[in-house]
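Next up, upload.json (JSON, C-alpha atoms):
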```
[["chain", "number", "residue", "atom", "x", "y", "z"],
["A", 1, "MET", "CA", -18.51, -5.30, 8.58],
["A", 2, "LYS", "CA", -18.43, -1.81, 7.16],
["A", 3, "PRO", "CA", -18.39, 0.95, 9.75],
["A", 4, "PRO", "CA", -20.74, 3.95, 9.35],
["A", 5, "HIS", "CA", -19.66, 6.60, 6.87],
["A", 6, "GLY", "CA", -17.14, 4.21, 5.33],
["A", 7, "ARG", "CA", -14.40, 4.90, 7.89],
["A", 8, "PRO", "CA", -13.36, 2.56, 10.70],
["A", 9, "ARG", "CA", -13.47, 4.25, 14.09],
["A", 10, "ASN", "CA", -11.30, 1.81, 16.01],
["A", 11, "GLY", "CA", -8.71, 0.90, 13.41],
["A", 12, "PHE", "CA", -8.42, -2.85, 12.93],
["A", 13, "GLN", "CA", -10.73, -3.56, 15.88],
["A", 14, "ASP", "CA", -13.78, -2.98, 13.64],
["A", 15, "PHE", "CA", -12.84, -5.95, 11.46],
["A", 16, "GLN", "CA", -13.15, -9.68, 12.12],
["A", 17, "SER", "CA", -10.42, -10.80, 9.72],
["A", 18, "ALA", "CA", -7.53, -9.60, 7.57],
["A", 19, "LYS", "CA", -9.60, -10.51, 4.52],
["A", 20, "ALA", "CA", -12.27, -8.01, 5.62],
["A", 21, "VAL", "CA", -9.63, -5.27, 5.98],
["A", 22, "SER", "CA", -8.21, -6.10, 2.57],
["A", 23, "LYS", "CA", -11.66, -5.90, 1.01],
["A", 24, "PHE", "CA", -12.44, -2.63, 2.83],
["A", 25, "ILE", "CA", -9.26, -0.98, 1.53],
["A", 26, "GLY", "CA", -9.70, -2.39, -1.97],
["A", 27, "LEU", "CA", -6.77, -4.80, -2.22],
["A", 28, "ALA", "CA", -8.86, -7.99, -2.33],
["A", 29, "PRO", "CA", -8.77, -9.94, -5.60],
["A", 30, "THR", "CA", -12.09, -10.12, -7.44],
["A", 31, "THR", "CA", -13.58, -12.79, -9.65],
["A", 32, "PHE", "CA", -16.35, -12.31, -12.21],
["A", 33, "GLN", "CA", -18.59, -15.35, -12.60],
["A", 34, "SER", "CA", -21.28, -15.89, -15.18],
["A", 35, "GLY", "CA", -22.48, -19.39, -15.91],
["A", 36, "LYS", "CA", -19.42, -21.54, -16.55],
["A", 37, "MET", "CA", -17.13, -18.56, -17.08],
["A", 38, "ASN", "CA", -14.82, -17.43, -14.26],
["A", 39, "THR", "CA", -12.46, -14.52, -14.86],
["A", 40, "HIS", "CA", -10.13, -12.75, -12.46],
["A", 41, "ARG", "CA", -10.43, -8.98, -12.70],
["A", 42, "GLY", "CA", -7.66, -7.75, -10.44],
["A", 43, "ILE", "CA", -8.41, -5.94, -7.19],
["A", 44, "CYS", "CA", -11.80, -4.57, -6.15],
["A", 45, "ARG", "CA", -10.69, -0.88, -5.69],
["A", 46, "THR", "CA", -13.65, -0.09, -3.43],
["A", 47, "GLY", "CA", -11.74, 1.51, -0.55],
["A", 48, "ASP", "CA", -9.44, 4.39, 0.17],
["A", 49, "SER", "CA", -7.29, 4.92, -2.93],
["A", 50, "HIS", "CA", -4.72, 6.98, -0.99],
["A", 51, "LEU", "CA", -4.15, 4.22, 1.57],
["A", 52, "ARG", "CA", -4.06, 1.60, -1.19],
["A", 53, "SER", "CA", -1.40, 3.58, -3.08],
["A", 54, "MET", "CA", 0.68, 4.02, 0.10],
["A", 55, "LEU", "CA", 0.66, 0.25, 0.64],
["A", 56, "TYR", "CA", 1.65, -0.26, -3.01],
["A", 57, "VAL", "CA", 4.58, 2.17, -2.71],
["A", 58, "ALA", "CA", 5.64, 0.57, 0.60],
["A", 59, "GLY", "CA", 5.85, -2.77, -1.18],
["A", 60, "CYS", "CA", 7.42, -1.38, -4.34],
["A", 61, "GLY", "CA", 11.02, -2.36, -5.00],
["A", 62, "ALA", "CA", 11.88, 1.17, -6.16],
["A", 63, "ALA", "CA", 11.44, 2.56, -2.66],
["A", 64, "ARG", "CA", 14.60, 2.93, -0.62],
["A", 65, "ARG", "CA", 13.31, 0.91, 2.38],
["A", 66, "SER", "CA", 10.66, -1.16, 0.68],
["A", 67, "ALA", "CA", 9.02, -4.33, 1.93],
["A", 68, "ILE", "CA", 10.71, -6.36, -0.79],
["A", 69, "ARG", "CA", 14.13, -5.24, 0.42],
["A", 70, "CYS", "CA", 13.55, -5.22, 4.19],
["A", 71, "ASN", "CA", 10.79, -7.76, 4.90],
["A", 72, "LYS", "CA", 11.94, -11.36, 4.45],
["A", 73, "ALA", "CA", 8.43, -12.81, 4.06],
["A", 74, "CYS", "CA", 7.45, -10.20, 1.45],
["A", 75, "ARG", "CA", 10.71, -10.65, -0.45],
["A", 76, "GLU", "CA", 10.29, -14.43, -0.62],
["A", 77, "PHE", "CA", 6.62, -14.04, -1.61],
["A", 78, "TYR", "CA", 7.51, -11.57, -4.40],
["A", 79, "GLN", "CA", 10.31, -13.80, -5.71],
["A", 80, "ARG", "CA", 8.02, -16.84, -5.67],
["A", 81, "LEU", "CA", 5.36, -14.99, -7.68],
["A", 82, "LYS", "CA", 7.91, -13.70, -10.19],
["A", 83, "ALA", "CA", 9.40, -17.22, -10.58],
["A", 84, "ALA", "CA", 5.87, -18.47, -11.34],
["A", 85, "GLY", "CA", 5.72, -16.01, -14.24],
["A", 86, "LYS", "CA", 3.41, -13.41, -12.69],
["A", 87, "PRO", "CA", 3.70, -9.78, -13.89],
["A", 88, "SER", "CA", 5.58, -7.37, -11.62],
["A", 89, "LYS", "CA", 2.57, -5.16, -10.93],
["A", 90, "LEU", "CA", 0.44, -8.15, -9.86],
["A", 91, "ALA", "CA", 3.24, -9.33, -7.57],
["A", 92, "LEU", "CA", 3.56, -5.85, -6.02],
["A", 93, "ILE", "CA", -0.19, -5.65, -5.36],
["A", 94, "ALA", "CA", 0.05, -9.09, -3.69],
["A", 95, "VAL", "CA", 2.95, -7.81, -1.54],
["A", 96, "ALA", "CA", 0.86, -4.75, -0.55],
["A", 97, "ASN", "CA", -1.93, -7.12, 0.48],
["A", 98, "LYS", "CA", 0.56, -9.21, 2.48],
["A", 99, "LEU", "CA", 1.83, -6.06, 4.26],
["A", 100, "LEU", "CA", -1.72, -5.18, 5.19],
["A", 101, "ARG", "CA", -2.34, -8.68, 6.53],
["A", 102, "GLN", "CA", 0.89, -8.56, 8.55],
["A", 103, "ALA", "CA", -0.11, -5.20, 10.06],
["A", 104, "PHE", "CA", -3.55, -6.59, 10.92],
["A", 105, "ALA", "CA", -2.00, -9.61, 12.67],
["A", 106, "LEU", "CA", 0.43, -7.45, 14.66],
["A", 107, "VAL", "CA", -2.31, -5.16, 15.93],
["A", 108, "ARG", "CA", -4.88, -7.90, 16.46],
["A", 109, "PHE", "CA", -2.60, -10.18, 18.48],
["A", 110, "GLY", "CA", -0.54, -7.41, 20.15],
["A", 111, "GLU", "CA", 2.84, -8.75, 19.04],
["A", 112, "ASP", "CA", 6.01, -7.08, 17.80],
["A", 113, "PHE", "CA", 7.16, -7.74, 14.24],
["A", 114, "ASN", "CA", 9.48, -10.75, 13.97],
["A", 115, "ASP", "CA", 11.15, -11.24, 10.58],
["A", 116, "ASN", "CA", 11.83, -14.90, 11.42],
["A", 117, "TYR", "CA", 8.26, -15.68, 12.50],
["A", 118, "GLN", "CA", 7.09, -19.22, 11.81],
["A", 119, "PRO", "CA", 3.33, -19.83, 11.88],
["A", 120, "LYS", "CA", 2.04, -22.27, 14.45],
["A", 121, "PHE", "CA", 0.37, -25.21, 12.71],
["A", 122, "ARG", "CA", -2.08, -27.64, 14.25],
["A", 123, "SER", "CA", -0.65, -30.96, 15.37],
["A", 124, "ALA", "CA", -3.78, -32.92, 14.46],
["A", 125, "PRO", "CA", -5.17, -32.91, 10.90],
["A", 126, "CYS", "CA", -8.56, -31.33, 10.29],
["A", 127, "ILE", "CA", -11.31, -33.75, 9.40]]
```

In structure tokens, what does this structure look like?
Amino acid sequence: MKPPHGRPRNGFQDFQSAKAVSKFIGLAPTTFQSGKMNTHRGICRTGDSHLRSMLYVAGCGAARRSAIRCNKACREFYQRLKAAGKPSKLALIAVANKLLRQAFALVRFGEDFNDNYQPKFRSAPCI
């Protein structure tokens, strides 16, 4: 859902999911499909470039208090991507997207940040 004039009026409340926020800001990965060809083209870049760059810098390892240094989940995610052979810039964009999703979850569910958070999984398998 895109709010009028391209700006959300109620912050995260205008969005149904973290994926929608990511797409609105321009951090969502895009895929080009034509026939049998599927190529990944990076991020969509449709949203606010200033906000997108602030999230990138917040995740960047060069920052003094970056997400990679201070956020356990982001650090492990970045290290896992680098170990898989992904380029640094791609891994940093993924960390920026993760930061955005974490912020969405905190606001949406009204919780404080917990660095040792463990997601609650379903006890019964989905069929």

Using all atoms listed in the file, which of A:Gly59, A:Gly26, A:Gly47, A:Gly35 sits nearest A:Ala91?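 Closest residue, counting all atoms listed in the file: A:Gly59.
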
d(atom CA of A:Ala18, atom CA of A:Ala105) in Å: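 Result for atom CA of A:Ala18 versus atom CA of A:Ala105: 7.5 Å, one decimal.
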
Could you give me, as a ChimeraX atom specification, the residues within 12 Å of A:Arg75, counting only C-alpha atoms and dropping anything in the same chain fewer than 5 positions from it? /A:59-61,66-70,80-82,91-92,94-96,98-99,115

Between A:Thr39, A:Thr30, A:Gln79, A:Asn97, which one has atoms that come closest to A:Val57, using only C-alpha atoms?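 The closest residue to A:Val57 is A:Asn97.
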
So how many Å separate atom CA of A:Thr46 and atom CA of A:Ser88, to one decimal?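 Interatomic distance, atom CA of A:Thr46 to atom CA of A:Ser88: 22.1 Å.
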